[in-house]
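**Student:** input_0.cif is reproduced below (mmCIF, C-alpha atoms and all ligand atoms).
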```
data_protein
#
loop_
_atom_site.label_atom_id
_atom_site.label_comp_id
_atom_site.auth_asym_id
_atom_site.auth_seq_id
_atom_site.Cartn_x
_atom_site.Cartn_y
_atom_site.Cartn_z
CA MET A 250 -70.79 -24.86 -4.87
CA LYS A 251 -70.73 -28.32 -3.33
CA THR A 252 -67.72 -30.47 -4.02
CA LEU A 253 -67.03 -34.18 -3.84
CA ASP A 254 -63.54 -34.48 -2.36
CA LYS A 255 -64.74 -37.40 -0.29
CA PRO A 256 -67.22 -40.18 -1.05
CA VAL A 257 -70.87 -39.48 -0.20
CA PRO A 258 -71.49 -41.48 3.00
CA PRO A 259 -74.50 -43.74 3.57
CA GLY A 260 -77.56 -41.58 4.21
CA GLY A 261 -76.48 -39.11 1.52
CA THR A 262 -78.81 -38.08 -1.30
CA ILE A 263 -78.31 -38.70 -4.98
CA GLY A 264 -80.46 -36.82 -7.48
CA ILE A 265 -81.54 -38.78 -10.55
CA ILE A 266 -82.90 -36.84 -13.51
CA GLY A 267 -85.43 -38.92 -15.39
CA GLY A 268 -88.08 -41.14 -13.84
CA GLY A 269 -88.36 -44.05 -16.28
CA GLN A 270 -87.32 -47.64 -15.66
CA LEU A 271 -83.62 -46.76 -15.62
CA GLY A 272 -84.18 -44.11 -12.95
CA ARG A 273 -86.33 -46.58 -11.05
CA MET A 274 -83.67 -49.32 -11.04
CA LEU A 275 -80.98 -46.75 -10.15
CA ALA A 276 -83.07 -45.57 -7.19
CA GLN A 277 -83.53 -49.17 -6.03
CA ALA A 278 -79.76 -49.73 -6.23
CA ALA A 279 -79.11 -46.52 -4.28
CA ASN A 280 -81.55 -47.64 -1.59
CA ALA A 281 -79.78 -50.99 -1.28
CA LEU A 282 -76.56 -49.11 -0.43
CA GLY A 283 -78.25 -47.00 2.27
CA LEU A 284 -78.36 -43.91 0.06
CA GLN A 285 -81.44 -41.85 -0.68
CA ALA A 286 -82.57 -41.31 -4.25
CA LEU A 287 -84.43 -38.22 -5.36
CA ILE A 288 -86.15 -38.54 -8.73
CA TYR A 289 -86.68 -35.48 -10.93
CA ASN A 290 -89.07 -36.09 -13.83
CA ASP A 291 -90.79 -33.67 -16.18
CA GLN A 292 -94.18 -35.33 -15.72
CA HIS A 293 -96.22 -36.71 -12.86
CA GLY A 294 -96.79 -40.46 -12.55
CA ALA A 295 -93.26 -41.56 -13.53
CA PRO A 296 -92.39 -45.24 -12.92
CA ALA A 297 -89.50 -44.23 -10.65
CA PHE A 298 -91.77 -42.17 -8.38
CA GLN A 299 -93.18 -45.48 -7.10
CA VAL A 300 -89.91 -46.44 -5.42
CA THR A 301 -88.82 -43.30 -3.58
CA PRO A 302 -90.68 -40.62 -1.58
CA LEU A 303 -88.20 -37.95 -2.71
CA GLN A 304 -89.50 -36.56 -5.98
CA LEU A 305 -89.75 -33.43 -8.10
CA ALA A 306 -92.01 -32.99 -11.14
CA ALA A 307 -91.24 -29.94 -13.30
CA PRO A 308 -89.87 -29.16 -16.77
CA TYR A 309 -86.18 -30.09 -17.03
CA ASP A 310 -85.14 -26.50 -17.66
CA ASP A 311 -86.99 -25.07 -14.65
CA ARG A 312 -84.27 -23.08 -12.88
CA ALA A 313 -86.01 -22.94 -9.49
CA THR A 314 -86.45 -26.74 -9.45
CA LEU A 315 -82.87 -27.28 -10.59
CA ALA A 316 -81.63 -24.99 -7.81
CA GLY A 317 -83.76 -26.90 -5.30
CA LEU A 318 -82.37 -30.18 -6.57
CA ALA A 319 -78.80 -28.89 -6.20
CA ASN A 320 -79.62 -27.78 -2.69
CA VAL A 321 -80.84 -31.12 -1.35
CA CYS A 322 -78.53 -33.50 -3.24
CA ASP A 323 -74.90 -34.44 -2.66
CA VAL A 324 -74.48 -35.43 -6.29
CA VAL A 325 -76.73 -35.55 -9.36
CA THR A 326 -76.85 -38.05 -12.21
CA PHE A 327 -79.29 -38.79 -15.04
CA GLU A 328 -80.97 -41.74 -16.73
CA PHE A 329 -81.12 -40.36 -20.26
CA GLU A 330 -78.97 -38.13 -22.41
CA ASN A 331 -81.51 -35.94 -24.16
CA LEU A 332 -81.50 -33.29 -21.47
CA PRO A 333 -81.20 -29.59 -22.19
CA ALA A 334 -77.42 -28.98 -22.06
CA ASP A 335 -77.84 -25.52 -20.52
CA ALA A 336 -79.93 -26.96 -17.69
CA ILE A 337 -77.16 -29.44 -16.87
CA ALA A 338 -74.54 -26.71 -17.14
CA PHE A 339 -76.57 -24.57 -14.71
CA LEU A 340 -76.94 -27.50 -12.33
CA ALA A 341 -73.21 -28.27 -12.50
CA GLU A 342 -72.44 -24.79 -11.18
CA HIS A 343 -74.12 -25.72 -7.91
CA VAL A 344 -73.68 -29.44 -7.35
CA PRO A 345 -71.42 -32.17 -8.76
CA VAL A 346 -73.03 -33.78 -11.82
CA ARG A 347 -71.72 -37.21 -12.79
CA PRO A 348 -71.05 -38.04 -15.55
CA GLY A 349 -70.15 -34.42 -16.26
CA PRO A 350 -71.73 -31.95 -18.69
CA ALA A 351 -68.88 -32.42 -21.18
CA ALA A 352 -69.55 -36.18 -21.50
CA LEU A 353 -73.22 -35.39 -22.01
CA ALA A 354 -72.56 -32.71 -24.62
CA THR A 355 -70.28 -35.04 -26.61
CA THR A 356 -72.70 -37.95 -26.63
CA GLN A 357 -76.07 -36.25 -27.07
CA ASP A 358 -75.28 -35.11 -30.60
CA ARG A 359 -74.55 -37.87 -33.12
CA LEU A 360 -72.18 -35.66 -35.11
CA THR A 361 -69.98 -34.64 -32.16
CA GLU A 362 -70.18 -38.21 -30.84
CA LYS A 363 -69.05 -39.86 -34.07
CA SER A 364 -66.34 -37.22 -34.64
CA PHE A 365 -65.07 -37.85 -31.09
CA VAL A 366 -65.04 -41.64 -31.57
CA ALA A 367 -63.27 -41.37 -34.94
CA ALA A 368 -60.66 -38.99 -33.45
CA LEU A 369 -59.82 -41.70 -30.90
CA GLY A 370 -58.87 -43.94 -33.80
CA LEU A 371 -61.91 -46.19 -33.34
CA LYS A 372 -63.95 -47.45 -36.24
CA THR A 373 -67.31 -45.82 -37.08
CA ALA A 374 -69.62 -46.00 -40.08
CA PRO A 375 -68.76 -43.29 -42.64
CA PHE A 376 -70.76 -40.18 -41.69
CA PHE A 377 -71.57 -36.77 -43.13
CA GLU A 378 -73.18 -33.66 -41.70
CA VAL A 379 -76.57 -32.90 -43.26
CA SER A 380 -78.18 -29.54 -42.52
CA SER A 381 -80.10 -28.92 -45.76
CA PRO A 382 -81.74 -30.92 -48.58
CA GLU A 383 -78.81 -29.91 -50.85
CA GLN A 384 -76.33 -31.21 -48.31
CA ALA A 385 -78.33 -34.45 -48.06
CA HIS A 386 -78.06 -34.83 -51.82
CA ALA A 387 -74.32 -34.13 -51.82
CA ALA A 388 -73.67 -36.39 -48.81
CA PHE A 389 -75.38 -39.32 -50.49
CA ALA A 390 -73.30 -38.78 -53.62
CA GLN A 391 -70.14 -38.89 -51.49
CA LEU A 392 -71.30 -41.95 -49.57
CA GLY A 393 -72.13 -43.73 -52.79
CA GLY A 394 -74.38 -46.42 -51.34
CA GLU A 395 -77.14 -47.25 -48.92
CA GLY A 396 -77.28 -45.08 -45.82
CA ILE A 397 -79.27 -44.13 -42.76
CA LEU A 398 -80.22 -40.53 -42.18
CA LYS A 399 -80.52 -39.75 -38.46
CA THR A 400 -81.40 -36.61 -36.55
CA ARG A 401 -78.34 -35.49 -34.61
CA ARG A 402 -80.29 -35.17 -31.37
CA ASP A 403 -83.14 -36.77 -29.46
CA GLY A 404 -83.27 -40.13 -31.25
CA TYR A 405 -83.97 -43.36 -29.38
CA ASP A 406 -85.40 -46.78 -30.24
CA GLY A 407 -84.87 -45.97 -33.93
CA LYS A 408 -86.94 -42.77 -33.77
CA GLY A 409 -85.64 -39.96 -35.98
CA GLN A 410 -84.09 -42.30 -38.57
CA VAL A 411 -84.77 -43.20 -42.19
CA ARG A 412 -83.04 -45.64 -44.55
CA VAL A 413 -82.04 -43.99 -47.82
CA ILE A 414 -81.03 -45.60 -51.10
CA SER A 415 -80.70 -42.58 -53.39
CA ALA A 416 -79.75 -38.90 -53.28
CA GLU A 417 -83.41 -37.97 -53.83
CA ASP A 418 -84.34 -40.23 -50.93
CA ALA A 419 -81.83 -38.48 -48.73
CA ALA A 420 -83.19 -35.02 -49.55
CA LEU A 421 -86.79 -36.20 -48.99
CA GLY A 422 -85.76 -37.99 -45.80
CA PHE A 423 -84.22 -34.80 -44.47
CA LYS A 424 -87.54 -33.01 -44.96
CA ALA A 425 -89.47 -35.94 -43.48
CA LEU A 426 -87.33 -35.70 -40.34
CA GLY A 427 -88.54 -32.12 -39.94
CA GLY A 428 -85.54 -30.38 -41.47
CA LYS A 429 -83.62 -30.87 -38.23
CA PRO A 430 -79.81 -31.11 -38.26
CA CYS A 431 -78.95 -34.68 -39.28
CA ILE A 432 -76.10 -36.98 -40.13
CA LEU A 433 -76.02 -39.43 -42.99
CA GLU A 434 -74.35 -42.69 -42.03
CA GLY A 435 -73.23 -45.45 -44.31
CA PHE A 436 -75.22 -48.65 -43.84
CA VAL A 437 -73.07 -51.22 -42.04
CA ALA A 438 -73.74 -54.79 -43.22
CA PHE A 439 -72.88 -56.24 -39.83
CA SER A 440 -72.91 -59.87 -38.83
CA PHE A 441 -74.56 -59.09 -35.48
CA GLU A 442 -74.82 -56.38 -32.84
CA ALA A 443 -73.15 -56.30 -29.44
CA SER A 444 -72.58 -53.79 -26.68
CA VAL A 445 -70.25 -53.26 -23.81
CA VAL A 446 -71.39 -51.79 -20.51
CA ALA A 447 -68.63 -50.49 -18.25
CA ALA A 448 -68.09 -48.43 -15.13
CA ARG A 449 -65.42 -45.83 -14.45
CA GLY A 450 -64.85 -44.55 -10.94
CA ALA A 451 -63.98 -41.02 -9.83
CA ASP A 452 -60.43 -42.27 -9.22
CA GLY A 453 -60.12 -43.53 -12.81
CA SER A 454 -60.71 -47.18 -11.88
CA PHE A 455 -62.43 -49.14 -14.63
CA ALA A 456 -64.47 -52.33 -14.85
CA ALA A 457 -66.34 -53.71 -17.86
CA TYR A 458 -69.06 -56.35 -18.05
CA ASP A 459 -68.90 -59.11 -20.59
CA PRO A 460 -70.39 -57.81 -23.85
CA PRO A 461 -73.74 -59.34 -24.80
CA GLU A 462 -74.96 -60.02 -28.31
CA ASN A 463 -78.09 -57.96 -28.98
CA VAL A 464 -81.04 -58.45 -31.28
CA HIS A 465 -83.32 -55.54 -32.19
CA GLU A 466 -86.83 -55.87 -33.61
CA HIS A 467 -88.51 -52.83 -35.13
CA HIS A 468 -85.53 -50.82 -33.80
CA ILE A 469 -86.31 -51.85 -30.22
CA LEU A 470 -84.05 -54.15 -28.24
CA ARG A 471 -85.60 -57.60 -28.13
CA ARG A 472 -82.92 -59.68 -26.46
CA SER A 473 -79.42 -59.58 -25.01
CA THR A 474 -77.51 -62.85 -24.73
CA VAL A 475 -74.29 -63.32 -22.82
CA PRO A 476 -72.02 -64.86 -23.81
CA GLY A 477 -72.86 -64.05 -27.42
CA ARG A 478 -70.94 -64.97 -30.52
CA LEU A 479 -67.98 -62.68 -29.78
CA THR A 480 -64.61 -64.40 -29.71
CA PRO A 481 -62.38 -63.98 -26.64
CA ALA A 482 -60.29 -61.50 -28.67
CA GLN A 483 -63.41 -59.50 -29.59
CA VAL A 484 -64.52 -59.50 -25.95
CA MET A 485 -61.15 -58.00 -24.99
CA GLU A 486 -61.29 -55.49 -27.81
CA ALA A 487 -64.83 -54.41 -26.89
CA LYS A 488 -63.78 -53.78 -23.29
CA ALA A 489 -60.69 -51.87 -24.47
CA ILE A 490 -62.90 -49.67 -26.70
CA ALA A 491 -65.10 -48.83 -23.71
CA LYS A 492 -62.01 -47.96 -21.64
CA THR A 493 -60.57 -45.73 -24.36
CA ILE A 494 -63.87 -43.84 -24.60
CA ALA A 495 -64.42 -43.60 -20.82
CA ASP A 496 -60.88 -42.36 -20.19
CA ALA A 497 -61.08 -39.79 -22.99
CA LEU A 498 -64.33 -38.41 -21.54
CA ASP A 499 -62.87 -38.48 -18.00
CA TYR A 500 -66.09 -40.31 -17.36
CA VAL A 501 -67.58 -41.10 -13.95
CA GLY A 502 -70.40 -43.65 -13.89
CA VAL A 503 -71.66 -46.42 -16.15
CA LEU A 504 -71.65 -46.04 -19.90
CA ALA A 505 -72.58 -48.32 -22.77
CA VAL A 506 -71.00 -48.59 -26.20
CA GLU A 507 -73.15 -50.13 -28.94
CA LEU A 508 -71.13 -52.08 -31.48
CA PHE A 509 -71.58 -53.67 -34.88
CA VAL A 510 -69.61 -56.89 -35.27
CA GLY A 511 -68.53 -57.12 -38.90
CA LYS A 512 -68.43 -60.20 -41.09
CA ASP A 513 -64.65 -59.62 -41.11
CA GLY A 514 -64.65 -59.67 -37.30
CA SER A 515 -64.07 -55.93 -36.92
CA LEU A 516 -65.89 -53.90 -34.27
CA THR A 517 -67.56 -50.65 -35.36
CA VAL A 518 -68.78 -48.20 -32.73
CA ASN A 519 -72.44 -47.35 -33.37
CA GLU A 520 -73.21 -45.11 -30.43
CA ILE A 521 -72.33 -44.27 -26.85
CA ALA A 522 -74.97 -44.09 -24.13
CA PRO A 523 -73.74 -41.99 -21.18
CA ARG A 524 -75.87 -43.96 -18.73
CA VAL A 525 -76.99 -47.40 -17.68
CA HIS A 526 -78.31 -49.32 -20.65
CA ASN A 527 -81.01 -51.83 -21.56
CA THR A 528 -78.36 -54.29 -22.74
CA GLY A 529 -76.94 -54.32 -19.19
CA HIS A 530 -80.13 -55.36 -17.35
CA TRP A 531 -78.97 -58.99 -17.17
CA THR A 532 -76.19 -57.88 -14.79
CA ILE A 533 -78.77 -57.62 -11.97
CA GLU A 534 -78.99 -61.41 -11.69
CA ALA A 535 -75.85 -62.64 -13.46
CA CYS A 536 -73.14 -60.48 -11.90
CA ALA A 537 -71.77 -59.85 -8.45
CA CYS A 538 -72.61 -56.15 -8.77
CA SER A 539 -75.18 -54.86 -11.27
CA GLN A 540 -74.74 -51.96 -13.69
CA PHE A 541 -77.16 -49.96 -11.53
CA GLU A 542 -75.18 -50.54 -8.34
CA ASN A 543 -71.92 -49.75 -10.10
CA HIS A 544 -73.31 -46.51 -11.51
CA ILE A 545 -74.40 -45.42 -8.04
CA ARG A 546 -71.06 -46.51 -6.53
CA ALA A 547 -69.16 -44.50 -9.15
CA VAL A 548 -71.15 -41.29 -8.85
CA VAL A 549 -70.97 -41.22 -5.02
CA GLY A 550 -67.24 -41.95 -5.14
CA TRP A 551 -67.34 -45.43 -3.70
CA PRO A 552 -65.11 -48.28 -4.88
CA LEU A 553 -66.51 -50.03 -7.96
CA GLY A 554 -68.01 -53.46 -7.42
CA SER A 555 -67.01 -56.61 -9.29
CA THR A 556 -68.36 -56.91 -12.83
CA GLU A 557 -67.63 -60.65 -12.74
CA ARG A 558 -70.33 -62.77 -14.36
CA HIS A 559 -71.27 -65.96 -12.50
CA ALA A 560 -73.94 -67.20 -14.92
CA ASP A 561 -74.89 -67.16 -18.57
CA ALA A 562 -77.92 -64.99 -19.18
CA VAL A 563 -80.59 -64.14 -21.71
CA MET A 564 -82.48 -60.91 -21.08
CA GLU A 565 -85.69 -60.30 -23.01
CA ASN A 566 -87.69 -57.11 -23.02
CA VAL A 567 -91.40 -57.24 -22.27
CA ILE A 568 -92.88 -54.87 -24.83
CA GLY A 569 -96.40 -53.45 -25.03
CA GLU A 570 -99.16 -56.03 -24.64
CA GLU A 571 -96.68 -58.80 -23.87
CA ALA A 572 -96.90 -57.54 -20.29
CA HIS A 573 -100.42 -59.01 -20.04
CA ALA A 574 -98.76 -62.44 -19.91
CA TRP A 575 -97.02 -61.53 -16.65
CA GLU A 576 -98.00 -64.78 -14.98
CA SER A 577 -96.30 -67.04 -17.49
CA LEU A 578 -93.38 -64.60 -17.71
CA ALA A 579 -93.00 -64.76 -13.94
CA ARG A 580 -92.86 -68.53 -14.21
CA SER A 581 -90.14 -68.39 -16.85
CA GLY A 582 -87.43 -66.34 -15.17
CA ALA A 583 -86.54 -63.29 -13.09
CA LEU A 584 -89.29 -60.84 -14.01
CA HIS A 585 -88.99 -57.08 -13.66
CA LEU A 586 -92.03 -54.93 -14.35
CA TYR A 587 -91.62 -51.18 -14.38
CA GLY A 588 -95.02 -50.16 -13.01
CA LYS A 589 -96.24 -48.56 -16.25
CA LYS A 590 -100.00 -48.41 -16.56
CA ASP A 591 -100.64 -48.35 -20.32
CA ALA A 592 -99.22 -51.23 -22.34
CA LYS A 593 -98.84 -49.10 -25.48
CA PRO A 594 -97.32 -50.73 -28.58
CA GLY A 595 -93.53 -50.46 -28.53
CA ARG A 596 -93.42 -49.41 -24.88
CA LYS A 597 -90.87 -51.14 -22.67
CA MET A 598 -93.02 -52.53 -19.85
CA GLY A 599 -90.45 -54.77 -18.19
CA HIS A 600 -87.87 -57.45 -18.83
CA VAL A 601 -87.20 -61.03 -17.90
CA THR A 602 -83.79 -62.57 -17.31
CA ARG A 603 -83.17 -66.28 -17.61
CA LEU A 604 -79.96 -67.72 -16.19
CA SER A 605 -78.06 -70.92 -16.79
CA PRO A 606 -74.80 -72.11 -15.25
CA ARG A 607 -71.81 -70.33 -16.74
CA ARG A 608 -70.03 -72.09 -19.56
CA SER A 609 -66.26 -71.64 -19.76
CA LEU A 610 -66.00 -68.41 -21.83
N1 LIG B 1 -75.14 -47.26 -39.84
C1 LIG B 1 -75.92 -48.30 -39.57
N2 LIG B 1 -75.84 -49.43 -40.30
C2 LIG B 1 -76.66 -50.50 -40.06
N3 LIG B 1 -77.61 -50.52 -39.09
C3 LIG B 1 -77.76 -49.43 -38.32
C4 LIG B 1 -76.93 -48.26 -38.52
N4 LIG B 1 -77.29 -47.34 -37.62
C5 LIG B 1 -78.30 -47.89 -36.90
N5 LIG B 1 -78.60 -49.14 -37.31
C6 LIG B 1 -79.62 -50.04 -36.73
O1 LIG B 1 -80.62 -49.26 -36.06
C7 LIG B 1 -80.57 -49.47 -34.65
C8 LIG B 1 -80.83 -48.16 -33.91
O2 LIG B 1 -79.89 -47.18 -34.29
P1 LIG B 1 -79.07 -46.30 -33.24
O3 LIG B 1 -78.15 -45.42 -34.00
O4 LIG B 1 -78.46 -47.18 -32.23
O5 LIG B 1 -80.19 -45.36 -32.65
P2 LIG B 1 -81.03 -45.41 -31.30
O6 LIG B 1 -80.62 -44.15 -30.62
O7 LIG B 1 -82.43 -45.39 -31.77
O8 LIG B 1 -80.63 -46.64 -30.52
C9 LIG B 1 -79.18 -50.06 -34.40
O9 LIG B 1 -79.13 -50.80 -33.20
C10 LIG B 1 -79.00 -50.90 -35.66
O10 LIG B 1 -79.76 -52.10 -35.57
MG MG B 2 -78.79 -47.46 -30.24
#
```
Would you write the structure of this file as structure tokens?
**Tutor:**
Amino acid sequence: MKTLDKPVPPGGTIGIIGGGQLGRMLAQAANALGLQALIYNDQHGAPAFQVTPLQLAAPYDDRATLAGLANVCDVVTFEFENLPADAIAFLAEHVPVRPGPAALATTQDRLTEKSFVAALGLKTAPFFEVSSPEQAHAAFAQLGGEGILKTRRDGYDGKGQVRVISAEDAALGFKALGGKPCILEGFVAFSFEASVVAARGADGSFAAYDPPENVHEHHILRRSTVPGRLTPAQVMEAKAIAKTIADALDYVGVLAVELFVGKDGSLTVNEIAPRVHNTGHWTIEACACSQFENHIRAVVGWPLGSTERHADAVMENVIGEEAHAWESLARSGALHLYGKKDAKPGRKMGHVTRLSPRRSL
């Protein structure tokens, strides 16, 4: 078993599981620090394969590939949380995995995640376990109002969710979601959405970015704006929430906490992403050290970089066919394209960040 008593020096190798845009931008950040990035993806042709020669393509639970990954890497991290938990547990027996398997296990299941957040004394939407149509019926009766039924695992970009407005709806929704274990959440009539992206180092050091205000369209992030409408007190509270969660998970790396900002000003935790996050992409241009660089720094045991923001920023996703307008997008701001070939509807093809001089907040 390899250990990480000391930081990984320049020239060391960091394994990144997942070869999408997050893995790609993590690999680029690793390269900028003189580290090598190895991308492990379950399919050929991953966007991240374009930026590093070190690559593995195999199913995520392939033991021989996992053993090979452990062998060549000093530390392993991941770009998405829906990984088979036993594969990560196996990997963690051979090589340090950061953030650790426990953080992943807590956050990849909406029921354990919400229970964990509530136990920390943080606000969540009311939630109920739903494992059968009868339970869906009963949960709706207890909730007593509009809700959202979500599969406990594997959801992203609003996939695996249905709005429900009656007990019958809830039971039907459970069946429509394939009869998978679900939770029923109360619908939160928020004023707007925000998120906080933060880094925690192996030594327990902590640094949070300013929380952007986020707008979703068709359940996909459209835009992150920083500063958003959060008050200075809400900004402080959002960062404190991220610290409470990161400390409780003994977290190493970057994490994101999605928040609902209530009409009463309260902050409700929606979900935790144990990874770099789409609502932190603006940090590449607007901060001294981006979320990607800070994640790499944390997992290799280096000092965290400054999360200080030197500009105001608006980050917009480039979704599906919007990518065809790359020329005008390139004219309008800092354009990132992820190297994806098919501009399928709803697919995140890139993003563009527009900066303006920082206002006082
Ligand atoms: N309980 C809720 N009340 C109101 N809106 C919600 C609730 N849960 C989710 N949403 C809306 O759906 C979006 C996606 O839900 P989320 O739980 O974050 O799943 P995903 O994993 O797809 O990001 C949220 O950003 C929010 O706009
Ligand atoms: Mg979300």
**Student:** Which value, in Å to one decimal, gives the distance between atom C4 of ligand LIG 1 (chain B) and atom CA of A:Ala448?
**Tutor:**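 Those two atoms sit 25.0 Å apart.
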**Student:** Report, in Å with one decimal, the straight-line distance from atom CA of A:Phe376 to atom CA of A:Ala482.
**Tutor:**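 Atom CA of A:Ala482 lies 27.1 Å from atom CA of A:Phe376.
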**Student:** So that I can see what lies close to A:Phe541, please list as an MDAnalysis selection string the residues with an atom at most 9 Å from it, counting all atoms listed in the file and leaving out residues fewer than 5 positions away in the same chain.
**Tutor:** chainID A and resid 271 274:279 503 525 529:530 532:533 546
**Student:** Check the smallest atom-to-atom distance from each of A:Gly267, A:Gly409, A:Pro258, A:Gly272 to ligand MG 2 (chain B) using only C-alpha atoms and all ligand atoms, then report the winner.
**Tutor:**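 That would be A:Gly409, the residue with the smallest distance to ligand MG 2 (chain B).
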**Student:** Tell me which protein, DNA and RNA residues are within 7 Å of A:Cys536, counting all atoms listed in the file, leaving out same-chain ones fewer than 2 positions away, and put them as a list in words.
**Tutor:**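 After dropping sequence-adjacent residues, the list is Thr532, Ile533, Glu534, Cys538, Ser539, Thr556, Glu557, Arg558 and His559 of chain A.
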**Student:** If we count only C-alpha atoms and set the cut-off at 6 Å, which residues sit around stretch 515-523 of chain A, ignoring sequence neighbours fewer than 2 positions away in its own chain? Please answer as an NGL selection string.
**Tutor:** :A and (372-373 or 504-511 or 513)
**Student:** Within 7 Å of (-75.2, -37.0, -34.5), in the coordinates the file gives, what residues turn up when you count all atoms listed in the file, written out as a PyMOL selection string?
**Tutor:** chain A and resi 358-363+400-402+431-432
**Student:** Can you tell me, as lines of an AutoDock Vina configuration file, the centre and edge lengths (Å, one decimal) of the axis-aligned box enclosing all of stretch 461-475 of chain A's listed atoms after padding each side by 6 Å?
**Tutor:**
```
center_x = -81.1
center_y = -57.1
center_z = -29.0
size_x = 26.8
size_y = 24.5
size_z = 24.3
```
**Student:** Could you state the separation of atom CA of A:Glu395 and atom CA of A:His465 in Å, given to one decimal place?
**Tutor:**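 It comes out at 19.7 Å.
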**Student:** Which residues, written as a list in words, have at least one atom at most 8 Å from A:Gly550, with only C-alpha atoms counted and residues fewer than 2 positions away on the same chain left out?
**Tutor:**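 Contacts, in chain order: Leu253, Lys255, Pro256, Val257, Gly450, Ala451, Asp452, Arg546, Ala547, Val548 and Pro552 of chain A.
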**Student:** Since the input has fewer atoms than a full residue there, write stretch 378-396 of chain A out with N, CA and C atoms, as a PDB file, in the frame of the given file.
**Tutor:**
```pdb
ATOM      1  N   GLU A 378     -72.237 -34.641 -42.251  1.00  0.00           N
ATOM      2  CA  GLU A 378     -73.180 -33.660 -41.700  1.00  0.00           C
ATOM      3  C   GLU A 378     -74.226 -33.328 -42.756  1.00  0.00           C
ATOM      4  N   VAL A 379     -75.493 -33.260 -42.340  1.00  0.00           N
ATOM      5  CA  VAL A 379     -76.570 -32.900 -43.260  1.00  0.00           C
ATOM      6  C   VAL A 379     -77.464 -31.853 -42.603  1.00  0.00           C
ATOM      7  N   SER A 380     -77.367 -30.617 -43.113  1.00  0.00           N
ATOM      8  CA  SER A 380     -78.180 -29.540 -42.520  1.00  0.00           C
ATOM      9  C   SER A 380     -79.127 -28.896 -43.522  1.00  0.00           C
ATOM     10  N   SER A 381     -79.184 -29.446 -44.745  1.00  0.00           N
ATOM     11  CA  SER A 381     -80.100 -28.920 -45.760  1.00  0.00           C
ATOM     12  C   SER A 381     -80.382 -30.028 -46.775  1.00  0.00           C
ATOM     13  N   PRO A 382     -81.464 -29.904 -47.562  1.00  0.00           N
ATOM     14  CA  PRO A 382     -81.740 -30.920 -48.580  1.00  0.00           C
ATOM     15  C   PRO A 382     -80.584 -31.032 -49.581  1.00  0.00           C
ATOM     16  N   GLU A 383     -79.946 -29.897 -49.903  1.00  0.00           N
ATOM     17  CA  GLU A 383     -78.810 -29.910 -50.850  1.00  0.00           C
ATOM     18  C   GLU A 383     -77.647 -30.710 -50.274  1.00  0.00           C
ATOM     19  N   GLN A 384     -77.416 -30.483 -48.979  1.00  0.00           N
ATOM     20  CA  GLN A 384     -76.330 -31.210 -48.310  1.00  0.00           C
ATOM     21  C   GLN A 384     -76.644 -32.706 -48.247  1.00  0.00           C
ATOM     22  N   ALA A 385     -77.925 -33.040 -48.098  1.00  0.00           N
ATOM     23  CA  ALA A 385     -78.330 -34.450 -48.060  1.00  0.00           C
ATOM     24  C   ALA A 385     -78.003 -35.098 -49.408  1.00  0.00           C
ATOM     25  N   HIS A 386     -78.322 -34.390 -50.460  1.00  0.00           N
ATOM     26  CA  HIS A 386     -78.060 -34.830 -51.820  1.00  0.00           C
ATOM     27  C   HIS A 386     -76.566 -35.075 -52.018  1.00  0.00           C
ATOM     28  N   ALA A 387     -75.776 -34.070 -51.640  1.00  0.00           N
ATOM     29  CA  ALA A 387     -74.320 -34.130 -51.820  1.00  0.00           C
ATOM     30  C   ALA A 387     -73.707 -35.238 -50.950  1.00  0.00           C
ATOM     31  N   ALA A 388     -74.225 -35.379 -49.729  1.00  0.00           N
ATOM     32  CA  ALA A 388     -73.670 -36.390 -48.810  1.00  0.00           C
ATOM     33  C   ALA A 388     -73.912 -37.779 -49.364  1.00  0.00           C
ATOM     34  N   PHE A 389     -75.103 -37.994 -49.923  1.00  0.00           N
ATOM     35  CA  PHE A 389     -75.380 -39.320 -50.490  1.00  0.00           C
ATOM     36  C   PHE A 389     -74.442 -39.626 -51.650  1.00  0.00           C
ATOM     37  N   ALA A 390     -74.210 -38.601 -52.479  1.00  0.00           N
ATOM     38  CA  ALA A 390     -73.300 -38.780 -53.620  1.00  0.00           C
ATOM     39  C   ALA A 390     -71.904 -39.186 -53.131  1.00  0.00           C
ATOM     40  N   GLN A 391     -71.468 -38.568 -52.030  1.00  0.00           N
ATOM     41  CA  GLN A 391     -70.140 -38.890 -51.490  1.00  0.00           C
ATOM     42  C   GLN A 391     -70.116 -40.290 -50.878  1.00  0.00           C
ATOM     43  N   LEU A 392     -71.215 -40.645 -50.224  1.00  0.00           N
ATOM     44  CA  LEU A 392     -71.300 -41.950 -49.570  1.00  0.00           C
ATOM     45  C   LEU A 392     -71.321 -43.062 -50.627  1.00  0.00           C
ATOM     46  N   GLY A 393     -72.117 -42.817 -51.658  1.00  0.00           N
ATOM     47  CA  GLY A 393     -72.130 -43.730 -52.790  1.00  0.00           C
ATOM     48  C   GLY A 393     -72.779 -45.072 -52.534  1.00  0.00           C
ATOM     49  N   GLY A 394     -73.676 -45.156 -51.591  1.00  0.00           N
ATOM     50  CA  GLY A 394     -74.380 -46.420 -51.340  1.00  0.00           C
ATOM     51  C   GLY A 394     -75.459 -46.218 -50.306  1.00  0.00           C
ATOM     52  N   GLU A 395     -76.039 -47.331 -49.874  1.00  0.00           N
ATOM     53  CA  GLU A 395     -77.140 -47.250 -48.920  1.00  0.00           C
ATOM     54  C   GLU A 395     -76.713 -46.586 -47.611  1.00  0.00           C
ATOM     55  N   GLY A 396     -77.617 -45.767 -47.074  1.00  0.00           N
ATOM     56  CA  GLY A 396     -77.280 -45.080 -45.820  1.00  0.00           C
ATOM     57  C   GLY A 396     -78.468 -44.973 -44.891  1.00  0.00           C
TER      58      GLY A 396
END
```
